[in-house]
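J.: You'll find work15.pdb just under this line, and it carries PDB, C-alpha atoms and all ligand atoms.
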```
ATOM      1  CA  MET A1194      31.388   4.844-122.809
ATOM      2  CA  LYS A1195      29.107   2.019-121.665
ATOM      3  CA  LYS A1196      27.511  -0.157-124.333
ATOM      4  CA  SER A1197      24.010   0.937-123.304
ATOM      5  CA  ASP A1198      25.092   4.596-123.518
ATOM      6  CA  VAL A1199      26.480   4.080-127.011
ATOM      7  CA  GLU A1200      23.177   2.527-128.064
ATOM      8  CA  GLU A1201      21.285   5.477-126.557
ATOM      9  CA  PHE A1202      23.713   7.950-128.161
ATOM     10  CA  TYR A1203      22.974   6.660-131.660
ATOM     11  CA  HIS A1204      19.308   6.103-130.907
ATOM     12  CA  ARG A1205      18.877   9.809-130.177
ATOM     13  CA  LEU A1206      20.798  10.905-133.252
ATOM     14  CA  SER A1207      18.817   8.537-135.461
ATOM     15  CA  ALA A1208      15.482   9.555-133.942
ATOM     16  CA  ALA A1209      16.261  13.209-134.669
ATOM     17  CA  ASN A1210      17.351  12.551-138.247
ATOM     18  CA  PRO A1211      16.443   9.064-139.502
ATOM     19  CA  ALA A1212      17.840   9.525-143.027
ATOM     20  CA  PRO A1213      20.761  11.932-142.800
ATOM     21  CA  LYS A1214      22.273  13.241-145.986
ATOM     22  CA  GLY A1215      25.644  14.713-146.809
ATOM     23  CA  GLU A1216      25.755  18.316-147.919
ATOM     24  CA  LEU A1217      27.791  17.850-151.094
ATOM     25  CA  ASN A1218      25.870  17.758-154.372
ATOM     26  CA  TRP A1219      26.479  14.809-156.693
ATOM     27  CA  THR A1220      24.614  12.824-159.311
ATOM     28  CA  ASN A1221      26.424   9.469-159.552
ATOM     29  CA  PRO A1222      29.405   7.693-157.900
ATOM     30  CA  TYR A1223      31.842   9.448-160.240
ATOM     31  CA  THR A1224      30.603  12.976-159.503
ATOM     32  CA  LEU A1225      30.535  12.062-155.810
ATOM     33  CA  LEU A1226      34.184  11.013-156.007
ATOM     34  CA  VAL A1227      35.080  14.295-157.716
ATOM     35  CA  ALA A1228      33.083  16.375-155.223
ATOM     36  CA  VAL A1229      34.661  14.650-152.220
ATOM     37  CA  ALA A1230      38.147  15.023-153.697
ATOM     38  CA  LEU A1231      37.528  18.747-154.224
ATOM     39  CA  SER A1232      36.159  19.214-150.715
ATOM     40  CA  ALA A1233      39.453  18.657-148.892
ATOM     41  CA  GLN A1234      40.129  21.811-146.881
ATOM     42  CA  ALA A1235      37.167  23.526-148.523
ATOM     43  CA  THR A1236      33.559  24.044-147.497
ATOM     44  CA  ASP A1237      30.743  21.977-148.970
ATOM     45  CA  VAL A1238      28.972  25.187-149.929
ATOM     46  CA  GLY A1239      32.032  26.404-151.868
ATOM     47  CA  VAL A1240      32.414  23.053-153.622
ATOM     48  CA  ASN A1241      28.715  22.940-154.542
ATOM     49  CA  LYS A1242      28.944  26.380-156.100
ATOM     50  CA  ALA A1243      31.719  25.213-158.385
ATOM     51  CA  THR A1244      30.367  21.746-159.160
ATOM     52  CA  GLY A1245      26.845  22.973-160.019
ATOM     53  CA  PRO A1246      27.846  24.170-163.517
ATOM     54  CA  LEU A1247      30.633  21.558-163.762
ATOM     55  CA  PHE A1248      28.339  18.562-163.260
ATOM     56  CA  LYS A1249      25.951  19.849-165.917
ATOM     57  CA  LYS A1250      28.739  19.208-168.430
ATOM     58  CA  VAL A1251      30.626  16.369-166.764
ATOM     59  CA  LYS A1252      28.976  13.132-165.707
ATOM     60  CA  SER A1253      31.730  10.585-166.339
ATOM     61  CA  PRO A1254      35.527  10.240-166.509
ATOM     62  CA  LYS A1255      35.243  10.444-170.288
ATOM     63  CA  ASP A1256      33.461  13.819-170.089
ATOM     64  CA  MET A1257      36.146  15.016-167.668
ATOM     65  CA  LEU A1258      38.992  14.142-170.028
ATOM     66  CA  LYS A1259      37.105  15.891-172.807
ATOM     67  CA  LEU A1260      36.852  19.026-170.664
ATOM     68  CA  GLY A1261      40.574  18.831-170.009
ATOM     69  CA  LEU A1262      42.813  20.255-167.316
ATOM     70  CA  GLY A1263      42.373  23.895-168.352
ATOM     71  CA  GLY A1264      38.583  23.605-168.555
ATOM     72  CA  LEU A1265      38.397  21.916-165.148
ATOM     73  CA  LYS A1266      40.603  24.556-163.538
ATOM     74  CA  GLU A1267      38.354  27.258-164.914
ATOM     75  CA  HIS A1268      35.356  25.639-163.158
ATOM     76  CA  ILE A1269      37.021  25.028-159.810
ATOM     77  CA  LYS A1270      39.317  28.023-159.474
ATOM     78  CA  THR A1271      37.310  29.318-156.489
ATOM     79  CA  ILE A1272      38.243  26.201-154.489
ATOM     80  CA  GLY A1273      41.449  26.133-152.476
ATOM     81  CA  LEU A1274      44.364  24.088-153.882
ATOM     82  CA  TYR A1275      42.506  23.880-157.193
ATOM     83  CA  ASN A1276      45.652  23.396-159.294
ATOM     84  CA  THR A1277      46.647  20.200-157.507
ATOM     85  CA  LYS A1278      43.067  19.006-157.188
ATOM     86  CA  ALA A1279      42.460  19.513-160.929
ATOM     87  CA  LYS A1280      45.564  17.487-161.829
ATOM     88  CA  ASN A1281      44.486  14.676-159.491
ATOM     89  CA  VAL A1282      40.935  14.603-160.839
ATOM     90  CA  ILE A1283      42.135  14.428-164.441
ATOM     91  CA  GLU A1284      44.636  11.672-163.659
ATOM     92  CA  SER A1285      42.051   9.750-161.596
ATOM     93  CA  SER A1286      39.601   9.982-164.480
ATOM     94  CA  ARG A1287      42.206   8.552-166.835
ATOM     95  CA  LEU A1288      42.945   5.680-164.434
ATOM     96  CA  LEU A1289      39.244   4.941-163.907
ATOM     97  CA  ILE A1290      38.878   4.436-167.655
ATOM     98  CA  GLU A1291      42.104   2.433-167.916
ATOM     99  CA  ARG A1292      41.586   0.172-164.894
ATOM    100  CA  HIS A1293      37.851   0.089-164.188
ATOM    101  CA  GLY A1294      36.082   0.653-167.494
ATOM    102  CA  GLY A1295      35.134   4.200-166.503
ATOM    103  CA  GLN A1296      33.306   3.044-163.364
ATOM    104  CA  VAL A1297      34.050   3.939-159.757
ATOM    105  CA  PRO A1298      35.012   0.718-157.969
ATOM    106  CA  ASP A1299      33.440  -0.235-154.646
ATOM    107  CA  ASP A1300      36.823  -1.253-153.354
ATOM    108  CA  GLN A1301      38.847   0.546-150.714
ATOM    109  CA  GLU A1302      42.244  -0.380-152.104
ATOM    110  CA  ALA A1303      41.364   0.434-155.708
ATOM    111  CA  LEU A1304      39.983   3.812-154.677
ATOM    112  CA  GLU A1305      42.994   4.663-152.540
ATOM    113  CA  ALA A1306      45.223   3.878-155.537
ATOM    114  CA  LEU A1307      43.788   6.929-157.328
ATOM    115  CA  PRO A1308      45.734  10.186-156.981
ATOM    116  CA  GLY A1309      44.334  12.523-154.323
ATOM    117  CA  VAL A1310      42.093   9.790-152.895
ATOM    118  CA  GLY A1311      42.992   8.858-149.342
ATOM    119  CA  ARG A1312      41.345   6.596-146.809
ATOM    120  CA  LYS A1313      38.810   9.238-145.761
ATOM    121  CA  THR A1314      37.670  10.009-149.326
ATOM    122  CA  ALA A1315      37.421   6.315-150.189
ATOM    123  CA  ASN A1316      35.380   5.674-147.035
ATOM    124  CA  VAL A1317      32.993   8.533-147.825
ATOM    125  CA  VAL A1318      32.472   7.378-151.419
ATOM    126  CA  ARG A1319      31.882   3.765-150.414
ATOM    127  CA  ASN A1320      29.509   4.771-147.629
ATOM    128  CA  ILE A1321      27.417   7.210-149.630
ATOM    129  CA  ALA A1322      27.514   5.744-153.129
ATOM    130  CA  PHE A1323      27.541   2.042-152.290
ATOM    131  CA  GLY A1324      25.981   1.921-148.815
ATOM    132  CA  ALA A1325      29.082   0.390-147.237
ATOM    133  CA  SER A1326      29.270   0.460-143.447
ATOM    134  CA  THR A1327      32.313   2.691-143.319
ATOM    135  CA  ILE A1328      33.010   5.654-141.068
ATOM    136  CA  ALA A1329      35.252   8.286-142.589
ATOM    137  CA  VAL A1330      36.987  10.136-139.796
ATOM    138  CA  ASP A1331      37.314  13.812-140.587
ATOM    139  CA  THR A1332      38.167  16.577-138.162
ATOM    140  CA  HIS A1333      34.598  16.631-136.734
ATOM    141  CA  ILE A1334      34.369  12.911-136.131
ATOM    142  CA  PHE A1335      37.870  12.798-134.693
ATOM    143  CA  ARG A1336      36.861  15.463-132.179
ATOM    144  CA  ILE A1337      33.581  13.768-131.250
ATOM    145  CA  GLY A1338      35.176  10.349-130.869
ATOM    146  CA  ASN A1339      37.615  11.821-128.371
ATOM    147  CA  ARG A1340      35.414  14.319-126.551
ATOM    148  CA  THR A1341      32.451  12.070-125.925
ATOM    149  CA  GLY A1342      34.500   9.026-125.023
ATOM    150  CA  LEU A1343      32.765   7.108-127.813
ATOM    151  CA  ALA A1344      36.055   6.099-129.449
ATOM    152  CA  PRO A1345      39.100   7.923-128.156
ATOM    153  CA  GLY A1346      42.216   7.748-130.286
ATOM    154  CA  LYS A1347      45.377   9.621-131.153
ATOM    155  CA  THR A1348      44.990   9.280-134.901
ATOM    156  CA  PRO A1349      42.000   9.272-137.270
ATOM    157  CA  LEU A1350      42.658   5.596-137.953
ATOM    158  CA  GLU A1351      42.510   4.745-134.250
ATOM    159  CA  VAL A1352      39.225   6.632-133.906
ATOM    160  CA  GLU A1353      37.847   4.955-137.035
ATOM    161  CA  LYS A1354      38.700   1.492-135.720
ATOM    162  CA  GLY A1355      37.235   2.370-132.315
ATOM    163  CA  LEU A1356      33.997   3.641-133.870
ATOM    164  CA  LEU A1357      33.639   0.582-136.075
ATOM    165  CA  LYS A1358      34.040  -1.571-132.973
ATOM    166  CA  VAL A1359      31.538   0.197-130.708
ATOM    167  CA  THR A1360      28.883   1.345-133.176
ATOM    168  CA  PRO A1361      25.939  -1.073-133.216
ATOM    169  CA  GLU A1362      25.493  -2.746-136.593
ATOM    170  CA  LYS A1363      22.116  -1.138-137.269
ATOM    171  CA  TYR A1364      23.585   2.355-136.938
ATOM    172  CA  LEU A1365      26.746   1.817-139.002
ATOM    173  CA  ARG A1366      25.201   2.846-142.308
ATOM    174  CA  HIS A1367      24.454   6.415-141.167
ATOM    175  CA  ALA A1368      26.881   6.859-138.246
ATOM    176  CA  HIS A1369      29.240   8.843-140.454
ATOM    177  CA  HIS A1370      26.606  11.479-141.280
ATOM    178  CA  TRP A1371      25.147  11.703-137.795
ATOM    179  CA  LEU A1372      28.543  12.287-136.260
ATOM    180  CA  ILE A1373      29.586  14.843-138.882
ATOM    181  CA  LEU A1374      26.363  16.809-138.474
ATOM    182  CA  LEU A1375      26.692  16.725-134.690
ATOM    183  CA  GLY A1376      30.255  17.992-134.968
ATOM    184  CA  ARG A1377      29.482  20.637-137.551
ATOM    185  CA  TYR A1378      26.460  22.178-135.881
ATOM    186  CA  VAL A1379      26.544  21.332-132.171
ATOM    187  CA  CYS A1380      29.842  19.926-130.966
ATOM    188  CA  LYS A1381      31.817  22.701-132.617
ATOM    189  CA  ALA A1382      35.560  22.820-132.230
ATOM    190  CA  ARG A1383      35.994  26.015-130.250
ATOM    191  CA  LYS A1384      32.674  26.350-128.489
ATOM    192  CA  PRO A1385      30.512  23.243-128.334
ATOM    193  CA  ASP A1386      26.827  23.978-127.693
ATOM    194  CA  CYS A1387      26.593  21.464-124.868
ATOM    195  CA  PRO A1388      23.433  22.955-123.308
ATOM    196  CA  VAL A1389      21.436  22.094-126.421
ATOM    197  CA  CYS A1390      23.283  18.916-127.327
ATOM    198  CA  PRO A1391      20.995  15.882-127.588
ATOM    199  CA  VAL A1392      23.623  13.579-126.096
ATOM    200  CA  ASN A1393      24.773  15.906-123.335
ATOM    201  CA  ASP A1394      24.167  13.501-120.464
ATOM    202  CA  LEU A1395      25.895  10.626-122.254
ATOM    203  CA  CYS A1396      28.957  12.587-123.306
ATOM    204  CA  ARG A1397      32.049  12.273-121.126
ATOM    205  CA  PHE A1398      33.705  15.560-122.124
ATOM    206  CA  LYS A1399      35.023  17.284-119.019
ATOM    207  CA  GLY A1400      34.995  20.768-120.539
ATOM    208  CA  LYS A1401      31.307  20.971-121.429
ATOM    209  CA  THR A1402      29.936  24.460-121.869
ATOM    210  CA  ILE A1403      27.250  25.671-119.527
ATOM    211  CA  LEU A1404      24.643  28.233-120.346
ATOM    212  CA  SER A1405      24.764  31.491-118.473
ATOM    213  CA  ILE A1406      21.475  33.174-117.839
ATOM    214  CA  ASP A1407      21.188  36.620-119.249
ATOM    215  CA  GLY A1408      18.201  38.837-119.615
ATOM    216  CA  GLY A1409      17.254  39.199-123.224
ATOM    217  CA  GLY A1410      14.642  39.136-125.900
ATOM    218  CA  ALA A1411      11.498  41.142-126.435
ATOM    219  CA  ASP A1412       9.787  42.402-123.277
ATOM    220  CA  ALA A1413      12.907  41.526-121.402
ATOM    221  CA  ALA A1414      11.910  37.919-121.030
ATOM    222  CA  PHE A1415      14.618  35.606-119.874
ATOM    223  CA  ASP A1416      15.443  32.882-122.293
ATOM    224  CA  ILE A1417      16.830  29.829-120.677
ATOM    225  CA  VAL A1418      17.704  26.823-122.682
ATOM    226  CA  GLY A1419      17.598  23.973-120.273
ATOM    227  CA  ALA A1420      19.714  20.996-121.056
ATOM    228  CA  GLY A1421      21.781  19.208-118.557
ATOM    229  CA  ALA A1422      22.823  15.880-117.285
ATOM    230  CA  GLY A1423      19.743  14.089-116.070
ATOM    231  CA  PRO A1424      16.404  15.691-115.385
ATOM    232  CA  GLY A1425      16.341  19.293-114.368
ATOM    233  CA  VAL A1426      17.839  22.367-115.881
ATOM    234  CA  GLN A1427      21.521  22.901-116.011
ATOM    235  CA  MET A1428      22.349  26.521-115.676
ATOM    236  CA  MET A1429      24.820  28.990-114.428
ATOM    237  CA  HIS A1430      23.941  32.229-112.731
ATOM    238  CA  ARG A1431      26.324  35.046-112.871
ATOM    239  CA  SER A1432      26.179  37.920-110.546
ATOM    240  CA  ASP A1433      23.348  40.004-111.893
ATOM    241  CA  PRO A1434      22.454  43.368-110.408
ATOM    242  CA  VAL A1435      18.893  43.268-111.728
ATOM    243  CA  LEU A1436      18.083  39.817-110.496
ATOM    244  CA  GLY A1437      20.203  40.118-107.441
ATOM    245  CA  VAL A1438      21.547  36.675-108.142
ATOM    246  CA  LYS A1439      24.970  36.227-106.729
ATOM    247  CA  LYS A1440      25.528  32.558-106.800
ATOM    248  CA  ARG A1441      25.742  29.738-109.230
ATOM    249  CA  GLN A1442      23.225  26.995-109.487
ATOM    250  CA  GLN A1443      23.713  23.958-111.615
ATOM    251  CA  HIS A1444      21.682  20.865-112.248
ATOM    252  CA  ALA A1445      18.647  22.434-110.697
ATOM    253  CA  PRO A1446      16.418  19.736-109.229
ATOM    254  CA  ALA A1447      12.767  19.111-110.010
ATOM    255  CA  GLY A1448      10.072  21.300-108.473
ATOM    256  CA  PRO A1449      10.621  24.998-107.983
ATOM    257  CA  VAL A1450      13.968  24.890-109.680
ATOM    258  CA  LEU A1451      14.935  28.498-109.335
ATOM    259  CA  PRO A1452      14.275  29.447-105.768
ATOM    260  CA  ASP A1453      16.701  32.312-106.085
ATOM    261  CA  LEU A1454      14.523  33.856-108.724
ATOM    262  CA  GLY A1455      11.209  32.733-107.324
ATOM    263  CA  ILE A1456      10.486  30.969-110.578
ATOM    264  CA  GLU A1457       9.025  27.584-111.054
ATOM    265  CA  ILE A1458       9.633  25.671-114.212
ATOM    266  CA  ALA A1459       6.797  23.311-114.945
ATOM    267  CA  PRO A1460       7.811  19.685-115.406
ATOM    268  CA  ASP A1461       6.874  19.695-119.072
ATOM    269  CA  GLN A1462       9.194  22.606-119.620
ATOM    270  CA  ARG A1463      12.105  20.799-118.124
ATOM    271  CA  ARG A1464      14.369  18.627-120.078
ATOM    272  CA  GLY A1465      12.718  15.320-120.870
ATOM    273  CA  ALA A1466      14.237  11.909-120.585
ATOM    274  CA  GLU A1467      14.576  11.825-124.356
ATOM    275  CA  GLY A1468      17.220  14.481-124.115
ATOM    276  CA  ALA A1469      15.452  17.162-126.099
ATOM    277  CA  ALA A1470      16.409  20.631-125.043
ATOM    278  CA  GLU A1471      13.505  22.858-124.191
ATOM    279  CA  ARG A1472      13.307  26.577-124.392
ATOM    280  CA  VAL A1473      11.794  28.127-121.341
ATOM    281  CA  ALA A1474      10.755  31.741-121.410
ATOM    282  CA  ILE A1475      10.567  33.406-118.051
ATOM    283  CA  HIS A1476       9.027  36.816-118.004
ATOM    284  CA  ALA A1477      10.292  39.682-115.978
ATOM    285  CA  ASP A1478       7.052  39.702-113.971
ATOM    286  CA  ASP A1479       7.960  36.282-112.713
ATOM    287  CA  VAL A1480      11.178  37.597-111.330
ATOM    288  CA  GLY A1481      11.207  39.258-107.954
ATOM    289  CA  GLY A1482      10.527  42.959-108.383
ATOM    290  CA  GLY A1483       9.505  42.634-112.026
ATOM    291  CA  GLN A1484      12.243  44.987-113.083
ATOM    292  CA  LEU A1485      13.108  44.838-116.710
ATOM    293  CA  PRO A1486      16.737  44.133-117.335
ATOM    294  CA  LYS A1487      18.458  45.456-120.401
ATOM    295  CA  PRO A1488      18.421  42.889-123.190
ATOM    296  CA  ARG A1489      21.708  41.124-123.471
ATOM    297  CA  ARG A1490      22.919  38.393-125.663
ATOM    298  CA  ARG A1491      22.733  34.863-124.445
ATOM    299  CA  ARG A1492      26.220  33.514-124.151
ATOM    300  CA  PHE A1493      27.877  30.210-123.736
ATOM    301  CA  TRP A1494      31.118  29.856-121.955
ATOM    302  CA  ASN A1495      33.428  27.134-121.035
ATOM    303  CA  PRO A1496      34.537  27.215-117.416
ATOM    304  CA  ARG A1497      37.681  25.297-118.306
ATOM    305  CA  CYS A1498      39.016  27.806-120.771
ATOM    306  CA  CYS A1499      37.274  31.011-119.679
ATOM    307  CA  GLY A1500      37.836  30.664-115.952
ATOM    308  CA  ARG A1501      35.223  30.216-113.296
ATOM    309  CA  GLY A1502      34.169  33.825-113.273
ATOM    310  CA  GLY A1503      32.378  33.539-116.589
ATOM    311  CA  PRO A1504      32.685  35.810-119.593
TER     312      PRO A1504
HETATM  313  S1  LIG B   1      27.833  17.527-124.717
HETATM  314 FE1  LIG B   1      29.161  19.094-125.605
HETATM  315  S2  LIG B   1      31.152  18.111-125.864
HETATM  316 FE2  LIG B   1      29.625  16.481-125.590
HETATM  317  S3  LIG B   1      28.988  15.899-127.663
HETATM  318 FE3  LIG B   1      27.548  17.419-126.939
HETATM  319  S4  LIG B   1      28.361  19.379-127.670
HETATM  320 FE4  LIG B   1      30.022  17.879-127.774
END
```
Go ahead and render the structure in this file as structure tokens.
T.:
Amino acid sequence: MKKSDVEEFYHRLSAANPAPKGELNWTNPYTLLVAVALSAQATDVGVNKATGPLFKKVKSPKDMLKLGLGGLKEHIKTIGLYNTKAKNVIESSRLLIERHGGQVPDDQEALEALPGVGRKTANVVRNIAFGASTIAVDTHIFRIGNRTGLAPGKTPLEVEKGLLKVTPEKYLRHAHHWLILLGRYVCKARKPDCPVCPVNDLCRFKGKTILSIDGGGADAAFDIVGAGAGPGVQMMHRSDPVLGVKKRQQHAPAGPVLPDLGIEIAPDQRRGAEGAAERVAIHADDVGGGQLPKPRRRRFWNPRCCGRGGP
């Protein structure tokens, strides 16, 4: 990806969410370390449920040792791999007291020396608790680094190094959160929501999803979410008996963008240069014949994996 595109990529993510926050609950660097260690292969929501009552009792390694292995297991038994995680947390707590006076060190090597704490966990803790400019590459960031072309790599470490190299200094502090949130909610593993993605036109992924137009919603309005590369509305028509549309149209140009449907999308309804996706409601009256189609669900599909015929 070009340097100017990388700058624009982060600019858009930062403009949308200037102070992103992680979704794990924690109260101090120690509880953050515990929460992150428990979150491996578990959801943040599941971890928060367990740590809510736990962190009312436990605020330091000393408290954790007082609670003991059995007590900790009782609190986290709803989290996957809780037996191993509990042992690691207890042992880490002991080592924190022995080696660091009960404090969590802001040191990558010292953190990675704790049981159950790998490079990713150490990066997350240093980034969130100490404001270090680290990028912890989890499954979401690994996918985004590769799909977008931001920092392709075969291993998480390669992607991490690539991201640290290309990410402008001013965005390093929050890059980790922006990328995770993008991956979790938009650039999803199986079906990325490319039509509403704020960095759609910058992303180099060849298998981007395209929105298919379906009738739907109250009063049989047609909901079209326009978001495509460059100005205009990116869309895909499927053969539709009601609309009589038989052909595909992508990257519709400015002006009357849907000649097939006899619909004009006003410029302010089209996708702006800032990359914000707009929702455009087109009513059945606007469509030749004014026939009301049966409401159907809006669907995304990926022409690469679903075939060119659509779903
Ligand atoms: S355009 Fe699609 S593939 Fe690219 S980052 Fe956005 S959601 Fe992911």
J.: Given the file shown, determine the residues that the PyMOL selection byres (((not hetatm)) within 7 of (chain B and resi 1)) selects; report them as a PyMOL selection string.
T.: chain A and resi 1337+1340-1341+1379-1381+1385-1387+1390-1394+1396-1398+1401-1402
J.: For Arg1366 in chain A, which residue out of A:Thr1332, A:Thr1348, A:Thr1327, A:Asn1218 is the nearest one, using all atoms listed in the file?
T.: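 Of all the options, A:Thr1327 lies closest to Arg1366 in chain A.
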J.: CA of Asp1300 in chain A and CA of Lys1250 in chain A, how far apart in Å?
T.: 26.7 Å
J.: Given only C-alpha atoms as the basis, pick out the residue of A:Pro1308, A:Pro1254, A:Gly1294, A:Pro1345 nearest to Thr1277 in chain A.
T.: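 For Thr1277 in chain A, the nearest of the given residues is A:Pro1308.
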J.: Would you list the contacts of Lys1249 in chain A as number ranges by chain, taking every protein, DNA or RNA residue within 12 Å and counting all atoms listed in the file, but skipping same-chain residues closer than 6 positions in sequence?
T.: A: 1218-1220, 1224, 1243, 1256-1257, 1260, 1268
J.: Got a sec to resolve the PyMOL selection byres (((chain A and resi 1295) around 9) and not hetatm) on this structure and send the residues as a ChimeraX atom specification?
T.: /A:1223,1253-1255,1286-1294,1296-1297
J.: Identify which of the residues A:Ile1269, A:Val1330, A:Val1317, A:Leu1365 lies closest to Val1229 in chain A, counting all atoms listed in the file when measuring atom-to-atom distances.
T.: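 Under the stated criterion, the closest residue is A:Val1317.
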J.: Please report the interatomic distance between CA of Leu1395 in chain A and CA of Glu1200 in chain A in Å with one decimal.
T.: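 Pair CA of Leu1395 in chain A / CA of Glu1200 in chain A returns 10.3 Å.
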J.: Using the file's own x, y and z axes, so that the box edges lie along x, y and z, what centre and edge lengths in Å (one decimal) does a box around every listed atom of range 1349-1358 of chain A get when 4 Å is added on each side? Give it as AutoDock Vina command-line options.
T.:
```
--center_x 38.1 --center_y 3.9 --center_z -135.1 --size_x 17.0 --size_y 18.8 --size_z 13.6
```
J.: Mind listing whatever residues come within 12 Å of the point (28.5, 3.2, -143.0)? Use only C-alpha atoms, file coordinates, and give them as a ChimeraX atom specification.
T.: /A:1213,1315-1330,1353,1356-1357,1360-1372
J.: Which residue gives the smallest distance to Gly1261 in chain A among A:Ala1233, A:Leu1247, A:Ile1334, A:Ile1283, with only C-alpha atoms counted?
T.: A:Ile1283
J.: Please list, as an mmCIF file with C-alpha atoms, in the coordinates of the input, the residues that have an atom at most 7 Å away from (32.8, 19.3, -158.7) in the coordinates of this file, counting all atoms listed in the file.
T.:
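That gives us point.cif:
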```cif
data_model
loop_
_atom_site.group_PDB
_atom_site.id
_atom_site.type_symbol
_atom_site.label_atom_id
_atom_site.label_comp_id
_atom_site.auth_asym_id
_atom_site.auth_seq_id
_atom_site.Cartn_x
_atom_site.Cartn_y
_atom_site.Cartn_z
ATOM 1 C CA THR A 1224 30.603 12.976 -159.503
ATOM 2 C CA VAL A 1227 35.080 14.295 -157.716
ATOM 3 C CA ALA A 1228 33.083 16.375 -155.223
ATOM 4 C CA LEU A 1231 37.528 18.747 -154.224
ATOM 5 C CA VAL A 1240 32.414 23.053 -153.622
ATOM 6 C CA ASN A 1241 28.715 22.940 -154.542
ATOM 7 C CA ALA A 1243 31.719 25.213 -158.385
ATOM 8 C CA THR A 1244 30.367 21.746 -159.160
ATOM 9 C CA LEU A 1247 30.633 21.558 -163.762
ATOM 10 C CA PHE A 1248 28.339 18.562 -163.260
#
```
J.: So, counting only C-alpha atoms, which residue among A:Leu1374, A:Ala1382, A:Val1352, A:Ala1306 is closest to Glu1216 in chain A?
T.: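 Result for the nearest residue to Glu1216 in chain A: A:Leu1374.
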J.: I'd like the interatomic distance between CA of Lys1358 in chain A and CA of Gln1234 in chain A, to a tenth of an Å.
T.: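 Separating CA of Lys1358 in chain A from CA of Gln1234 in chain A is a distance of 27.9 Å.
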J.: Using only C-alpha atoms, which of A:Gly1311, A:Pro1246, A:Pro1349, A:Gly1355 sits nearest Leu1265 in chain A?
T.: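 Under the stated criterion, the closest residue is A:Pro1246.
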